[in-house]
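Enquirer: Please see the structure below; I have some questions.
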Amino acid sequence: MAADGVIRVVLADDQDLVRAGFRVILESEPGVQVVAEARDGAAAVAAVAAHRPDVVCLDVQMPGVDGLEAARRITATDDPPAVLVLTTFDTDEYLFDALAAGASGFLLKNASPEKLIEAVRTVAAGDALLSPDVTRRVISRATTAIVPVVPTTERVVDPGTAPVAGLTERETEVLRLLGRGLSNAEIARLLFVGDATVKTHVSNVLQKLGVRDRIQAVVWAYENGVVRSGD
């Protein structure tokens with residue numbers, strides 16, 4: 001993020017009117033600036049290299065290099081921006097491909113302008129945009145796979161009891177809330193703490209569980225009984 005706190009965004013979509021609409025929405029929000037636009041994935045990768053944005057908004061279906069391949073290339077770079085995938089297609093295939101490509105968030109294009117702004121701010125802050133519905137779909141796919149996403153340890157008999165896997169009581173509470181699909185900001189409001197405190201707890205949880213990101217942490221929680229389906 002720029003020294004002045006402005007979130008710098010690159011927009012990638014093959015439809016000019018869509019990009020124009022997104023630009024108007026985002027630049028109506030104080031502290032958000034669209035620094036470049038791209039009509040395809042290759043141009044998006046180039047724009048990210050040239051402008052070093054905080055967030056890149058990628059359409060999935062674009063000519064040539066599509067949004068998913070662009071996401072893979074962008075997230076493989078040093079200090080990559082957060083990737084927010086925007087699509088008209090609400091399918092598991094796109095969802096899981098986007099997450100596997102390193103996307104931090106997944107949003108449908110029919111979402112409200114407020115949701116778009118919230119999504120950009122969320123991923124720019126280092127949080128993942130996983131709604132409860134998206135989380136359930138991720139968990140369903142991961143926990144029915146032949147190979148677990150992360151190694152499991154001894155199952156927890158009662159998800160409501162003591163901390164697990166070396167986590168403190170508060171870190172275990174944060175893990176359970178992650179399992180419900182809550183963002184850092186939502187967790188902070190529930191626990192009456194600051195966003196920075198929650199971010200520290202999440203970082204500690206990832207480190208102690210030995211997982212790459214919050215998605216794998218949520219899968220671990222379900223696989224080990226810390227969170228149960230329907231909680």
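By order in the structure tokens, chains are A, B, ...; within a chain, residues start at 1; ligands start at 1, following the order shown.
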Excluding Gly64 (chain A) and its own-chain neighbours fewer than 3 positions away, which residues fall within 8 Å of it when counting only C-alpha atoms? Please give them as a list in words.

Expert: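 Listing them by chain and then by number gives Asp40, Gly41 and Ala42 of chain A.
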
Enquirer: Env of Arg52 (chain A): 12 Å cut, atoms = only C-alpha atoms, seq-sep filter 4 positions within chain, self excluded. Answer as an NGL selection string.

Expert: :A and (1-2 or 7-10 or 34-36 or 44-48 or 56 or 74 or 77-82)

Enquirer: With N, CA and C atoms retained, could you export that selection as a PDB file, in the first residue's frame?

Expert:
ATOM      1  N   MET A   1       0.845  -1.196   0.000  1.00  0.00           N
ATOM      2  CA  MET A   1       0.000   0.000   0.000  1.00  0.00           C
ATOM      3  C   MET A   1       0.879   1.243   0.000  1.00  0.00           C
ATOM      4  N   ALA A   2       0.462   2.269  -0.711  1.00  0.00           N
ATOM      5  CA  ALA A   2       1.244   3.489  -0.811  1.00  0.00           C
ATOM      6  C   ALA A   2       1.416   4.146   0.552  1.00  0.00           C
ATOM      7  N   ILE A   7      -5.020   2.478  -1.641  1.00  0.00           N
ATOM      8  CA  ILE A   7      -4.984   1.128  -2.198  1.00  0.00           C
ATOM      9  C   ILE A   7      -4.917   1.248  -3.712  1.00  0.00           C
ATOM     10  N   ARG A   8      -3.854   0.738  -4.309  1.00  0.00           N
ATOM     11  CA  ARG A   8      -3.639   0.820  -5.755  1.00  0.00           C
ATOM     12  C   ARG A   8      -4.159  -0.457  -6.413  1.00  0.00           C
ATOM     13  N   VAL A   9      -4.994  -0.286  -7.447  1.00  0.00           N
ATOM     14  CA  VAL A   9      -5.699  -1.418  -8.046  1.00  0.00           C
ATOM     15  C   VAL A   9      -5.437  -1.479  -9.549  1.00  0.00           C
ATOM     16  N   VAL A  10      -5.247  -2.708 -10.048  1.00  0.00           N
ATOM     17  CA  VAL A  10      -5.238  -2.972 -11.486  1.00  0.00           C
ATOM     18  C   VAL A  10      -6.512  -3.740 -11.822  1.00  0.00           C
ATOM     19  N   VAL A  34      -7.432   3.335  -9.117  1.00  0.00           N
ATOM     20  CA  VAL A  34      -7.177   2.403 -10.211  1.00  0.00           C
ATOM     21  C   VAL A  34      -5.978   2.922 -10.988  1.00  0.00           C
ATOM     22  N   VAL A  35      -4.879   2.177 -10.977  1.00  0.00           N
ATOM     23  CA  VAL A  35      -3.638   2.655 -11.597  1.00  0.00           C
ATOM     24  C   VAL A  35      -3.447   2.132 -13.011  1.00  0.00           C
ATOM     25  N   ALA A  36      -4.189   1.076 -13.393  1.00  0.00           N
ATOM     26  CA  ALA A  36      -4.047   0.538 -14.745  1.00  0.00           C
ATOM     27  C   ALA A  36      -5.221  -0.381 -15.060  1.00  0.00           C
ATOM     28  N   ALA A  44      -2.556  -7.981 -17.975  1.00  0.00           N
ATOM     29  CA  ALA A  44      -2.689  -7.825 -16.528  1.00  0.00           C
ATOM     30  C   ALA A  44      -1.361  -8.122 -15.829  1.00  0.00           C
ATOM     31  N   VAL A  45      -0.704  -9.194 -16.247  1.00  0.00           N
ATOM     32  CA  VAL A  45       0.597  -9.545 -15.667  1.00  0.00           C
ATOM     33  C   VAL A  45       1.594  -8.414 -15.903  1.00  0.00           C
ATOM     34  N   ALA A  46       1.591  -7.873 -17.117  1.00  0.00           N
ATOM     35  CA  ALA A  46       2.498  -6.768 -17.439  1.00  0.00           C
ATOM     36  C   ALA A  46       2.173  -5.526 -16.622  1.00  0.00           C
ATOM     37  N   ALA A  47       0.875  -5.233 -16.442  1.00  0.00           N
ATOM     38  CA  ALA A  47       0.469  -4.059 -15.666  1.00  0.00           C
ATOM     39  C   ALA A  47       0.881  -4.191 -14.209  1.00  0.00           C
ATOM     40  N   VAL A  48       0.788  -5.403 -13.666  1.00  0.00           N
ATOM     41  CA  VAL A  48       1.207  -5.626 -12.280  1.00  0.00           C
ATOM     42  C   VAL A  48       2.705  -5.382 -12.141  1.00  0.00           C
ATOM     43  N   VAL A  56      -5.103  -6.774  -7.599  1.00  0.00           N
ATOM     44  CA  VAL A  56      -5.450  -6.905  -9.012  1.00  0.00           C
ATOM     45  C   VAL A  56      -6.774  -7.642  -9.093  1.00  0.00           C
ATOM     46  N   ILE A  74       0.972 -14.125 -11.559  1.00  0.00           N
ATOM     47  CA  ILE A  74       1.111 -12.975 -10.664  1.00  0.00           C
ATOM     48  C   ILE A  74       1.507 -13.417  -9.265  1.00  0.00           C
ATOM     49  N   THR A  77       5.201 -14.299  -8.453  1.00  0.00           N
ATOM     50  CA  THR A  77       6.234 -13.259  -8.434  1.00  0.00           C
ATOM     51  C   THR A  77       6.608 -12.898  -7.008  1.00  0.00           C
ATOM     52  N   ASP A  78       7.705 -12.188  -6.851  1.00  0.00           N
ATOM     53  CA  ASP A  78       8.127 -11.721  -5.534  1.00  0.00           C
ATOM     54  C   ASP A  78       7.174 -10.630  -5.046  1.00  0.00           C
ATOM     55  N   ASP A  79       6.746 -10.727  -3.805  1.00  0.00           N
ATOM     56  CA  ASP A  79       5.859  -9.741  -3.189  1.00  0.00           C
ATOM     57  C   ASP A  79       4.664  -9.421  -4.084  1.00  0.00           C
ATOM     58  N   PRO A  80       3.868 -10.425  -4.406  1.00  0.00           N
ATOM     59  CA  PRO A  80       2.743 -10.205  -5.334  1.00  0.00           C
ATOM     60  C   PRO A  80       1.609  -9.436  -4.681  1.00  0.00           C
ATOM     61  N   PRO A  81       0.768  -8.782  -5.493  1.00  0.00           N
ATOM     62  CA  PRO A  81      -0.428  -8.131  -4.956  1.00  0.00           C
ATOM     63  C   PRO A  81      -1.463  -9.186  -4.588  1.00  0.00           C
ATOM     64  N   ALA A  82      -2.475  -8.767  -3.850  1.00  0.00           N
ATOM     65  CA  ALA A  82      -3.611  -9.654  -3.597  1.00  0.00           C
ATOM     66  C   ALA A  82      -4.411  -9.794  -4.882  1.00  0.00           C
TER      67      ALA A  82
END

Enquirer: Can you pull out the residues contacting Arg121 (chain A)? Cut-off 10 Å, using only C-alpha atoms, and skip same-chain residues under 6 positions away; I want them as JSON, numbers by chain.

Expert: {"A": [7, 31, 32, 54, 55, 115, 127, 129]}

Enquirer: Okay, now the selection with N, CA and C atoms, as a CSV table (one decimal), in the first residue's frame?

Expert:
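Ended up saving to result.csv:
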chain,number,residue,atom,x,y,z
A,7,ILE,N,-5.0,2.5,-1.6
A,7,ILE,CA,-5.0,1.1,-2.2
A,7,ILE,C,-4.9,1.2,-3.7
A,31,GLY,N,-9.5,6.7,-0.9
A,31,GLY,CA,-8.4,5.8,-0.6
A,31,GLY,C,-8.2,4.7,-1.5
A,32,VAL,N,-8.9,4.7,-2.6
A,32,VAL,CA,-8.8,3.6,-3.6
A,32,VAL,C,-8.4,4.3,-5.0
A,54,ASP,N,-1.6,-2.9,-5.1
A,54,ASP,CA,-1.9,-3.7,-3.9
A,54,ASP,C,-2.9,-4.8,-4.2
A,55,VAL,N,-3.7,-4.6,-5.2
A,55,VAL,CA,-4.8,-5.5,-5.5
A,55,VAL,C,-4.9,-5.6,-7.1
A,115,LYS,N,-20.1,-4.3,-2.0
A,115,LYS,CA,-19.4,-5.6,-1.8
A,115,LYS,C,-18.1,-5.6,-2.5
A,127,ASP,N,-6.3,-10.0,4.2
A,127,ASP,CA,-7.3,-11.0,4.6
A,127,ASP,C,-7.8,-11.7,3.4
A,129,LEU,N,-11.1,-13.3,1.3
A,129,LEU,CA,-12.5,-13.1,1.2
A,129,LEU,C,-13.2,-14.4,1.0

Enquirer: As a ChimeraX atom specification, list the residues of region 20-219 of chain A assigned to helix (DSSP H, G or I) by DSSP on the backbone atoms of this structure.

Expert: /A:20-27,41-51,67-75,92-100,113-124,132-143,169-179,184-191,195-209,214-219

Enquirer: Of the candidates A:Asp13, A:Glu114, A:Asp92, A:Asp97, which one gets nearest to Glu69 (chain A) if we count only C-alpha atoms?

Expert: A:Asp97

Enquirer: So which residues touch Asp16 (chain A) within 12 Å, counting only C-alpha atoms, skipping near sequence neighbours fewer than 5 positions away, as a PyMOL selection string?

Expert: chain A and resi 11+21-23+37-40

Enquirer: Could the residues in this selection be written to a file with C-alpha atoms, as a PDB file, in the first residue's frame?

Expert:
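And here's result-v6.pdb as it stands now:
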ATOM      1  CA  LEU A  11      -8.457  -3.958 -13.312  1.00  0.00           C
ATOM      2  CA  GLY A  21     -18.031   0.531 -14.301  1.00  0.00           C
ATOM      3  CA  PHE A  22     -15.605  -1.012 -11.836  1.00  0.00           C
ATOM      4  CA  ARG A  23     -13.337   2.021 -12.103  1.00  0.00           C
ATOM      5  CA  GLU A  37      -6.504  -1.479 -16.838  1.00  0.00           C
ATOM      6  CA  ALA A  38      -5.949  -4.598 -18.944  1.00  0.00           C
ATOM      7  CA  ARG A  39      -8.047  -6.419 -21.550  1.00  0.00           C
ATOM      8  CA  ASP A  40      -6.474  -9.855 -21.083  1.00  0.00           C
TER       9      ASP A  40
END

Enquirer: Excluding Val60 (chain A) and its own-chain neighbours fewer than 4 positions away, which residues fall within 8 Å of it when counting only C-alpha atoms? Please give them as a list in words.

Expert: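 With the cut-off at 8 Å, the set is Asp66, Gly67, Leu68, Val85, Leu86, Thr87 and Tyr94 of chain A.
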